[in-house]
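Trainee: File name work-v9.cif; file contents mmCIF, N, CA and C atoms; full text below.
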```
data_target
loop_
_atom_site.label_atom_id
_atom_site.label_comp_id
_atom_site.auth_asym_id
_atom_site.auth_seq_id
_atom_site.Cartn_x
_atom_site.Cartn_y
_atom_site.Cartn_z
N MET R 520 21.80 -3.53 7.81
CA MET R 520 21.11 -2.24 7.80
C MET R 520 20.47 -1.97 6.44
N ILE R 521 21.23 -2.10 5.37
CA ILE R 521 20.70 -1.86 4.03
C ILE R 521 19.60 -2.87 3.70
N GLU R 522 19.81 -4.10 4.11
CA GLU R 522 18.79 -5.13 3.86
C GLU R 522 17.48 -4.79 4.55
N GLY R 523 17.55 -4.26 5.77
CA GLY R 523 16.34 -3.86 6.49
C GLY R 523 15.63 -2.71 5.81
N ILE R 524 16.39 -1.76 5.29
CA ILE R 524 15.80 -0.62 4.58
C ILE R 524 15.11 -1.09 3.32
N ILE R 525 15.76 -2.00 2.60
CA ILE R 525 15.15 -2.54 1.37
C ILE R 525 13.85 -3.27 1.70
N ARG R 526 13.84 -4.03 2.79
CA ARG R 526 12.62 -4.72 3.20
C ARG R 526 11.50 -3.74 3.52
N MET R 527 11.85 -2.65 4.19
CA MET R 527 10.84 -1.63 4.52
C MET R 527 10.27 -1.02 3.24
N ILE R 528 11.13 -0.73 2.28
CA ILE R 528 10.67 -0.14 1.02
C ILE R 528 9.78 -1.12 0.26
N VAL R 529 10.16 -2.40 0.26
CA VAL R 529 9.35 -3.42 -0.44
C VAL R 529 7.96 -3.52 0.18
N VAL R 530 7.89 -3.60 1.50
CA VAL R 530 6.59 -3.69 2.18
C VAL R 530 5.75 -2.44 1.88
N ALA R 531 6.37 -1.27 1.98
CA ALA R 531 5.65 -0.03 1.71
C ALA R 531 5.17 0.02 0.27
N PHE R 532 5.99 -0.46 -0.67
CA PHE R 532 5.57 -0.45 -2.07
C PHE R 532 4.39 -1.40 -2.30
N ILE R 533 4.47 -2.59 -1.71
CA ILE R 533 3.36 -3.55 -1.87
C ILE R 533 2.06 -2.94 -1.34
N TRP R 534 2.12 -2.42 -0.13
CA TRP R 534 0.91 -1.81 0.44
C TRP R 534 0.47 -0.60 -0.36
N GLY R 535 1.41 0.26 -0.70
CA GLY R 535 1.07 1.48 -1.42
C GLY R 535 0.52 1.22 -2.81
N ALA R 536 1.04 0.20 -3.47
CA ALA R 536 0.56 -0.11 -4.82
C ALA R 536 -0.80 -0.80 -4.79
N THR R 537 -1.03 -1.61 -3.78
CA THR R 537 -2.29 -2.36 -3.76
C THR R 537 -3.47 -1.52 -3.27
N ASN R 538 -3.24 -0.48 -2.47
CA ASN R 538 -4.35 0.34 -2.00
C ASN R 538 -5.18 0.93 -3.14
N PRO R 539 -4.57 1.64 -4.11
CA PRO R 539 -5.39 2.16 -5.21
C PRO R 539 -5.93 1.06 -6.12
N LEU R 540 -5.20 -0.05 -6.23
CA LEU R 540 -5.68 -1.15 -7.07
C LEU R 540 -6.92 -1.81 -6.48
N ILE R 541 -6.94 -1.94 -5.16
CA ILE R 541 -8.12 -2.49 -4.49
C ILE R 541 -9.32 -1.56 -4.71
N LYS R 542 -9.08 -0.28 -4.59
CA LYS R 542 -10.16 0.70 -4.82
C LYS R 542 -10.65 0.64 -6.26
N LEU R 543 -9.72 0.57 -7.20
CA LEU R 543 -10.07 0.54 -8.62
C LEU R 543 -10.84 -0.72 -8.99
N THR R 544 -10.35 -1.87 -8.51
CA THR R 544 -10.97 -3.14 -8.91
C THR R 544 -12.25 -3.47 -8.14
N SER R 545 -12.57 -2.68 -7.12
CA SER R 545 -13.82 -2.90 -6.41
C SER R 545 -14.89 -1.90 -6.84
N SER R 546 -14.62 -1.14 -7.89
CA SER R 546 -15.63 -0.18 -8.33
C SER R 546 -16.88 -0.91 -8.80
N GLY R 547 -18.02 -0.39 -8.45
CA GLY R 547 -19.29 -1.02 -8.74
C GLY R 547 -19.88 -1.72 -7.54
N LEU R 548 -19.12 -1.80 -6.47
CA LEU R 548 -19.58 -2.47 -5.25
C LEU R 548 -20.77 -1.75 -4.63
N ASP R 549 -20.84 -0.45 -4.80
CA ASP R 549 -21.94 0.34 -4.21
C ASP R 549 -23.30 -0.06 -4.78
N GLU R 550 -23.30 -0.66 -5.96
CA GLU R 550 -24.57 -1.04 -6.59
C GLU R 550 -25.16 -2.31 -5.96
N CYS R 551 -24.34 -3.06 -5.24
CA CYS R 551 -24.83 -4.27 -4.57
C CYS R 551 -25.55 -3.85 -3.29
N CYS R 552 -26.65 -4.52 -3.00
CA CYS R 552 -27.44 -4.06 -1.86
C CYS R 552 -27.23 -4.87 -0.58
N ASP R 553 -27.01 -6.16 -0.66
CA ASP R 553 -26.84 -6.94 0.56
C ASP R 553 -25.43 -7.51 0.64
N THR R 554 -25.08 -8.00 1.80
CA THR R 554 -23.73 -8.48 2.06
C THR R 554 -23.36 -9.65 1.15
N ARG R 555 -24.28 -10.56 0.96
CA ARG R 555 -24.01 -11.74 0.12
C ARG R 555 -23.65 -11.33 -1.30
N SER R 556 -24.41 -10.42 -1.87
CA SER R 556 -24.13 -9.99 -3.25
C SER R 556 -22.82 -9.20 -3.33
N LYS R 557 -22.48 -8.47 -2.26
CA LYS R 557 -21.20 -7.76 -2.24
C LYS R 557 -20.03 -8.74 -2.21
N VAL R 558 -20.14 -9.77 -1.39
CA VAL R 558 -19.08 -10.78 -1.32
C VAL R 558 -18.94 -11.49 -2.66
N LEU R 559 -20.05 -11.89 -3.24
CA LEU R 559 -20.00 -12.55 -4.56
C LEU R 559 -19.42 -11.63 -5.62
N PHE R 560 -19.78 -10.36 -5.56
CA PHE R 560 -19.25 -9.38 -6.51
C PHE R 560 -17.73 -9.32 -6.41
N LEU R 561 -17.21 -9.27 -5.19
CA LEU R 561 -15.76 -9.13 -5.01
C LEU R 561 -14.99 -10.40 -5.34
N ILE R 562 -15.49 -11.55 -4.91
CA ILE R 562 -14.72 -12.78 -5.15
C ILE R 562 -14.76 -13.23 -6.61
N THR R 563 -15.64 -12.65 -7.40
CA THR R 563 -15.67 -12.99 -8.83
C THR R 563 -14.84 -12.01 -9.66
N ARG R 564 -14.11 -11.14 -9.02
CA ARG R 564 -13.22 -10.19 -9.69
C ARG R 564 -11.78 -10.63 -9.46
N PRO R 565 -11.15 -11.31 -10.44
CA PRO R 565 -9.79 -11.82 -10.25
C PRO R 565 -8.77 -10.73 -9.90
N MET R 566 -8.86 -9.57 -10.52
CA MET R 566 -7.89 -8.52 -10.23
C MET R 566 -8.06 -7.98 -8.80
N TYR R 567 -9.29 -7.96 -8.33
CA TYR R 567 -9.52 -7.56 -6.94
C TYR R 567 -8.89 -8.58 -6.00
N MET R 568 -9.13 -9.84 -6.27
CA MET R 568 -8.59 -10.89 -5.41
C MET R 568 -7.06 -10.89 -5.42
N LEU R 569 -6.45 -10.68 -6.58
CA LEU R 569 -4.99 -10.61 -6.66
C LEU R 569 -4.47 -9.40 -5.87
N SER R 570 -5.16 -8.29 -5.96
CA SER R 570 -4.75 -7.09 -5.21
C SER R 570 -4.83 -7.32 -3.71
N VAL R 571 -5.89 -7.95 -3.27
CA VAL R 571 -6.05 -8.24 -1.84
C VAL R 571 -4.99 -9.24 -1.37
N MET R 572 -4.74 -10.26 -2.19
CA MET R 572 -3.71 -11.24 -1.81
C MET R 572 -2.33 -10.59 -1.74
N ALA R 573 -2.02 -9.72 -2.68
CA ALA R 573 -0.73 -9.01 -2.66
C ALA R 573 -0.65 -8.12 -1.41
N ASN R 574 -1.76 -7.47 -1.06
CA ASN R 574 -1.79 -6.63 0.12
C ASN R 574 -1.54 -7.47 1.38
N GLN R 575 -2.14 -8.64 1.43
CA GLN R 575 -1.93 -9.52 2.58
C GLN R 575 -0.51 -10.06 2.63
N LEU R 576 0.08 -10.29 1.46
CA LEU R 576 1.49 -10.67 1.41
C LEU R 576 2.35 -9.56 2.03
N GLY R 577 2.01 -8.31 1.71
CA GLY R 577 2.71 -7.18 2.32
C GLY R 577 2.57 -7.19 3.84
N SER R 578 1.39 -7.54 4.34
CA SER R 578 1.18 -7.63 5.79
C SER R 578 2.03 -8.73 6.40
N LEU R 579 2.11 -9.86 5.74
CA LEU R 579 2.94 -10.96 6.23
C LEU R 579 4.41 -10.55 6.26
N LEU R 580 4.88 -9.91 5.19
CA LEU R 580 6.26 -9.45 5.15
C LEU R 580 6.53 -8.39 6.22
N PHE R 581 5.53 -7.57 6.51
CA PHE R 581 5.67 -6.55 7.55
C PHE R 581 5.87 -7.21 8.91
N PHE R 582 5.11 -8.24 9.20
CA PHE R 582 5.27 -8.93 10.49
C PHE R 582 6.62 -9.61 10.58
N VAL R 583 7.11 -10.16 9.48
CA VAL R 583 8.45 -10.74 9.47
C VAL R 583 9.48 -9.64 9.70
N LEU R 584 9.28 -8.50 9.05
CA LEU R 584 10.18 -7.36 9.21
C LEU R 584 10.23 -6.89 10.65
N LEU R 585 9.08 -6.87 11.31
CA LEU R 585 9.04 -6.41 12.70
C LEU R 585 9.86 -7.31 13.62
N GLY R 586 10.04 -8.56 13.23
CA GLY R 586 10.85 -9.47 14.03
C GLY R 586 12.33 -9.20 13.92
N THR R 587 12.75 -8.50 12.87
CA THR R 587 14.17 -8.27 12.65
C THR R 587 14.58 -6.80 12.72
N ALA R 588 13.64 -5.89 12.53
CA ALA R 588 13.97 -4.47 12.50
C ALA R 588 13.58 -3.80 13.81
N GLU R 589 14.13 -2.63 14.03
CA GLU R 589 13.79 -1.85 15.20
C GLU R 589 12.36 -1.31 15.03
N LEU R 590 11.50 -1.60 15.97
CA LEU R 590 10.09 -1.25 15.88
C LEU R 590 9.86 0.25 15.72
N GLY R 591 10.59 1.05 16.48
CA GLY R 591 10.44 2.50 16.43
C GLY R 591 10.87 3.10 15.11
N LEU R 592 11.61 2.36 14.31
CA LEU R 592 12.05 2.82 13.00
C LEU R 592 11.18 2.24 11.89
N ALA R 593 10.91 0.95 11.97
CA ALA R 593 10.21 0.26 10.88
C ALA R 593 8.79 0.77 10.69
N VAL R 594 8.05 0.96 11.76
CA VAL R 594 6.64 1.35 11.64
C VAL R 594 6.49 2.72 10.99
N PRO R 595 7.17 3.77 11.47
CA PRO R 595 6.97 5.07 10.81
C PRO R 595 7.52 5.11 9.38
N VAL R 596 8.62 4.42 9.13
CA VAL R 596 9.18 4.42 7.77
C VAL R 596 8.23 3.73 6.80
N VAL R 597 7.76 2.55 7.17
CA VAL R 597 6.85 1.81 6.28
C VAL R 597 5.55 2.58 6.08
N ASN R 598 4.99 3.12 7.14
CA ASN R 598 3.72 3.85 7.00
C ASN R 598 3.86 5.11 6.16
N SER R 599 4.94 5.85 6.34
CA SER R 599 5.10 7.08 5.56
C SER R 599 5.39 6.77 4.09
N LEU R 600 6.20 5.76 3.83
CA LEU R 600 6.47 5.40 2.44
C LEU R 600 5.24 4.78 1.77
N THR R 601 4.41 4.10 2.54
CA THR R 601 3.16 3.56 1.98
C THR R 601 2.29 4.70 1.45
N LEU R 602 2.21 5.77 2.21
CA LEU R 602 1.45 6.94 1.77
C LEU R 602 2.02 7.49 0.47
N LEU R 603 3.34 7.57 0.38
CA LEU R 603 3.99 8.06 -0.83
C LEU R 603 3.67 7.17 -2.02
N PHE R 604 3.83 5.86 -1.86
CA PHE R 604 3.57 4.94 -2.97
C PHE R 604 2.09 4.90 -3.34
N THR R 605 1.20 5.05 -2.36
CA THR R 605 -0.23 5.10 -2.66
C THR R 605 -0.54 6.31 -3.54
N SER R 606 0.06 7.44 -3.22
CA SER R 606 -0.15 8.65 -4.03
C SER R 606 0.38 8.47 -5.45
N LEU R 607 1.57 7.90 -5.56
CA LEU R 607 2.17 7.73 -6.89
C LEU R 607 1.39 6.73 -7.74
N VAL R 608 1.07 5.59 -7.18
CA VAL R 608 0.33 4.57 -7.95
C VAL R 608 -1.09 5.05 -8.23
N GLY R 609 -1.70 5.74 -7.28
CA GLY R 609 -3.03 6.30 -7.50
C GLY R 609 -3.03 7.25 -8.68
N THR R 610 -1.99 8.04 -8.81
CA THR R 610 -1.88 8.94 -9.96
C THR R 610 -1.74 8.14 -11.24
N LEU R 611 -0.95 7.07 -11.20
CA LEU R 611 -0.75 6.25 -12.40
C LEU R 611 -2.03 5.56 -12.87
N VAL R 612 -2.90 5.18 -11.94
CA VAL R 612 -4.13 4.49 -12.33
C VAL R 612 -5.30 5.46 -12.54
N GLY R 613 -5.01 6.76 -12.49
CA GLY R 613 -6.02 7.74 -12.85
C GLY R 613 -6.86 8.30 -11.73
N GLU R 614 -6.39 8.24 -10.50
CA GLU R 614 -7.16 8.79 -9.38
C GLU R 614 -6.99 10.30 -9.27
N GLY R 615 -6.18 10.89 -10.09
CA GLY R 615 -5.95 12.34 -10.04
C GLY R 615 -4.46 12.62 -10.02
N ASN R 616 -4.13 13.86 -10.23
CA ASN R 616 -2.72 14.26 -10.26
C ASN R 616 -2.25 14.72 -8.90
N ILE R 617 -0.97 14.52 -8.66
CA ILE R 617 -0.35 15.05 -7.46
C ILE R 617 0.04 16.49 -7.77
N GLY R 618 -0.51 17.42 -7.03
CA GLY R 618 -0.19 18.83 -7.25
C GLY R 618 1.13 19.19 -6.60
N LEU R 619 1.44 20.46 -6.62
CA LEU R 619 2.69 20.95 -6.03
C LEU R 619 2.78 20.59 -4.56
N ASN R 620 1.69 20.76 -3.82
CA ASN R 620 1.71 20.40 -2.40
C ASN R 620 1.95 18.91 -2.20
N GLY R 621 1.40 18.11 -3.09
CA GLY R 621 1.63 16.66 -3.02
C GLY R 621 3.08 16.30 -3.24
N TRP R 622 3.70 16.95 -4.22
CA TRP R 622 5.13 16.69 -4.48
C TRP R 622 6.00 17.18 -3.33
N LEU R 623 5.66 18.33 -2.75
CA LEU R 623 6.42 18.83 -1.60
C LEU R 623 6.25 17.90 -0.40
N GLY R 624 5.04 17.42 -0.20
CA GLY R 624 4.80 16.45 0.87
C GLY R 624 5.57 15.16 0.64
N SER R 625 5.62 14.71 -0.61
CA SER R 625 6.38 13.50 -0.95
C SER R 625 7.86 13.71 -0.67
N LEU R 626 8.37 14.89 -0.99
CA LEU R 626 9.77 15.20 -0.72
C LEU R 626 10.03 15.17 0.78
N CYS R 627 9.11 15.71 1.56
CA CYS R 627 9.25 15.68 3.02
C CYS R 627 9.27 14.25 3.54
N ILE R 628 8.44 13.38 2.96
CA ILE R 628 8.41 11.97 3.37
C ILE R 628 9.76 11.32 3.09
N VAL R 629 10.30 11.54 1.90
CA VAL R 629 11.57 10.93 1.53
C VAL R 629 12.70 11.45 2.43
N VAL R 630 12.74 12.75 2.65
CA VAL R 630 13.78 13.33 3.50
C VAL R 630 13.64 12.83 4.94
N GLY R 631 12.42 12.82 5.44
CA GLY R 631 12.19 12.31 6.79
C GLY R 631 12.57 10.85 6.94
N THR R 632 12.25 10.05 5.94
CA THR R 632 12.62 8.63 5.97
C THR R 632 14.13 8.48 5.97
N ALA R 633 14.80 9.27 5.15
CA ALA R 633 16.27 9.21 5.11
C ALA R 633 16.86 9.61 6.45
N LEU R 634 16.30 10.63 7.08
CA LEU R 634 16.80 11.06 8.39
C LEU R 634 16.58 9.99 9.45
N CYS R 635 15.47 9.29 9.37
CA CYS R 635 15.21 8.20 10.33
C CYS R 635 16.24 7.09 10.22
N ASN R 636 16.77 6.91 9.02
CA ASN R 636 17.70 5.80 8.78
C ASN R 636 19.16 6.17 9.01
N LEU R 637 19.42 7.39 9.45
CA LEU R 637 20.82 7.79 9.72
C LEU R 637 21.33 7.21 11.00
#
```
Please go through the file and, once you have read it, give me the structure as structure tokens.
Mentor:
Amino acid sequence: MIEGIIRMIVVAFIWGATNPLIKLTSSGLDECCDTRSKVLFLITRPMYMLSVMANQLGSLLFFVLLGTAELGLAVPVVNSLTLLFTSLVGTLVGEGNIGLNGWLGSLCIVVGTALCNL
């Protein structure tokens, strides 16, 4: 049980941390006009590629998790915690501050996740 919860948290953290990093490392993409130049722009950015690879690793771990965890529990827990980690990491990389409503929402996510695991 504890091992499954840890796996859910790890997957959520990987996804949540990589979402703002992908956004950050792909800045400037709007200046490219055609698909070829956009692809070249992205694949020549090592931090973007590392972020995408880490995100895909999270997807692989999620599919492994689904083979061992209860589906009705794993999906909502991972998705809700991903939102929490995306907000926290986004704040750390400068996407803006989490206001009072954000912190209250984060608290609701944590409490709801804990209740799901009872």
Trainee: May I have the residues within 8 Å of R:Leu576 as a list in words, using only N, CA and C atoms and disregarding those fewer than 4 positions away in the same chain?
Mentor: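 In the requested format, the answer is Val530, Ile533, Trp534, Ser570, Val571, Met572, Leu580, Phe581 and Phe582 of chain R.
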Trainee: As a list of chain:residue names, please: the residues near R:Asn538 (cut-off 8 Å, all atoms listed in the file, same-chain neighbours under 2 positions excluded).
Mentor: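 Returned residues: R:Phe532, R:Ile533, R:Trp534, R:Gly535, R:Ala536, R:Leu540, R:Ile541, R:Lys542, R:Leu543, R:Thr544, R:Ser570, R:Val571, R:Asn574, R:Phe604, R:Thr605, R:Val608, R:Gly609.
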Trainee: Atom C of R:Leu611 to atom CA of R:Gly631: how many Å, to one decimal?
Mentor: 25.2 Å
Trainee: Given 3 Å of margin on each side, can you work out the centre and size in Å (one decimal) of an axis-aligned box holding every listed atom of stretch 565-583 of chain R, as lines of an AutoDock Vina configuration file?
Mentor:
```
center_x = -0.8
center_y = -9.2
center_z = 0.0
size_x = 26.6
size_y = 11.3
size_z = 27.1
```
Trainee: With distances taken over only C-alpha atoms, which residue among R:Val596, R:Leu607, R:Leu602, R:Ala588 lies nearest R:Val630?
Mentor: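 Looking at the shortest contact to R:Val630, the residue is R:Val596.
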Trainee: Interatomic distance between atom CA of R:Leu561 and atom CA of R:Ser546?
Mentor: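 Atom-to-atom, atom CA of R:Leu561 to atom CA of R:Ser546, that is 9.5 Å.
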Trainee: At what distance in Å, to one decimal, does atom CA of R:Pro595 lie from atom CA of R:Leu623?
Mentor: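 About the pair atom CA of R:Leu623 and atom CA of R:Pro595: they are 18.5 Å apart.
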Trainee: Would you list the residues near (7.6, -0.2, 6.5), meaning any protein, DNA or RNA residue with an atom at most 7 Å from that point in file coordinates, counting all atoms listed in the file, as a PyMOL selection string?
Mentor: chain R and resi 526-528+530-531+581+592-601
Trainee: Report the residues of chain R whose backbone DSSP state falls under alpha helix (DSSP H), written as JSON, numbers by chain.
Mentor: {"R": [521, 522, 523, 524, 525, 526, 527, 528, 529, 530, 531, 532, 533, 534, 535, 536, 537, 538, 539, 540, 541, 542, 543, 544, 554, 555, 556, 557, 558, 559, 560, 561, 562, 565, 566, 567, 568, 569, 570, 571, 572, 573, 574, 575, 576, 577, 578, 579, 580, 581, 582, 583, 584, 585, 586, 587, 590, 591, 592, 593, 594, 595, 596, 597, 598, 599, 600, 601, 602, 603, 604, 605, 606, 607, 608, 609, 610, 611, 619, 620, 621, 622, 623, 624, 625, 626, 627, 628, 629, 630, 631, 632, 633, 634, 635]}
Trainee: With the input short on atoms, add N, CA, C and O atoms back to stretch 616-634 of chain R and write it as a compact mmCIF listing (two decimals), in the frame of the given file.
Mentor:
```
# COMPACT_ATOMS: atom_id res chain seq x y z
N ASN R 616 -4.13 13.86 -10.23
CA ASN R 616 -2.72 14.26 -10.26
C ASN R 616 -2.25 14.72 -8.90
O ASN R 616 -3.02 15.26 -8.11
N ILE R 617 -0.97 14.52 -8.66
CA ILE R 617 -0.35 15.05 -7.46
C ILE R 617 0.04 16.49 -7.77
O ILE R 617 0.81 16.74 -8.67
N GLY R 618 -0.51 17.42 -7.03
CA GLY R 618 -0.19 18.83 -7.25
C GLY R 618 1.13 19.19 -6.60
O GLY R 618 1.86 18.33 -6.08
N LEU R 619 1.44 20.46 -6.62
CA LEU R 619 2.69 20.95 -6.03
C LEU R 619 2.78 20.59 -4.56
O LEU R 619 3.82 20.13 -4.08
N ASN R 620 1.69 20.76 -3.82
CA ASN R 620 1.71 20.40 -2.40
C ASN R 620 1.95 18.91 -2.20
O ASN R 620 2.62 18.50 -1.25
N GLY R 621 1.40 18.11 -3.09
CA GLY R 621 1.63 16.66 -3.02
C GLY R 621 3.08 16.30 -3.24
O GLY R 621 3.63 15.45 -2.55
N TRP R 622 3.70 16.95 -4.22
CA TRP R 622 5.13 16.69 -4.48
C TRP R 622 6.00 17.18 -3.33
O TRP R 622 6.96 16.52 -2.95
N LEU R 623 5.66 18.33 -2.75
CA LEU R 623 6.42 18.83 -1.60
C LEU R 623 6.25 17.90 -0.40
O LEU R 623 7.22 17.61 0.32
N GLY R 624 5.04 17.42 -0.20
CA GLY R 624 4.80 16.45 0.87
C GLY R 624 5.57 15.16 0.64
O GLY R 624 6.13 14.58 1.57
N SER R 625 5.62 14.71 -0.61
CA SER R 625 6.38 13.50 -0.95
C SER R 625 7.86 13.71 -0.67
O SER R 625 8.53 12.81 -0.15
N LEU R 626 8.37 14.89 -0.99
CA LEU R 626 9.77 15.20 -0.72
C LEU R 626 10.03 15.17 0.78
O LEU R 626 11.05 14.63 1.23
N CYS R 627 9.11 15.71 1.56
CA CYS R 627 9.25 15.68 3.02
C CYS R 627 9.27 14.25 3.54
O CYS R 627 10.03 13.92 4.46
N ILE R 628 8.44 13.38 2.96
CA ILE R 628 8.41 11.97 3.37
C ILE R 628 9.76 11.32 3.09
O ILE R 628 10.33 10.63 3.95
N VAL R 629 10.30 11.54 1.90
CA VAL R 629 11.57 10.93 1.53
C VAL R 629 12.70 11.45 2.43
O VAL R 629 13.52 10.67 2.94
N VAL R 630 12.74 12.75 2.65
CA VAL R 630 13.78 13.33 3.50
C VAL R 630 13.64 12.83 4.94
O VAL R 630 14.63 12.44 5.57
N GLY R 631 12.42 12.82 5.44
CA GLY R 631 12.19 12.31 6.79
C GLY R 631 12.57 10.85 6.94
O GLY R 631 13.15 10.45 7.95
N THR R 632 12.25 10.05 5.94
CA THR R 632 12.62 8.63 5.97
C THR R 632 14.13 8.48 5.97
O THR R 632 14.68 7.65 6.70
N ALA R 633 14.80 9.27 5.15
CA ALA R 633 16.27 9.21 5.11
C ALA R 633 16.86 9.61 6.45
O ALA R 633 17.81 8.98 6.94
N LEU R 634 16.30 10.63 7.08
CA LEU R 634 16.80 11.06 8.39
C LEU R 634 16.58 9.99 9.45
O LEU R 634 17.42 9.81 10.35
```
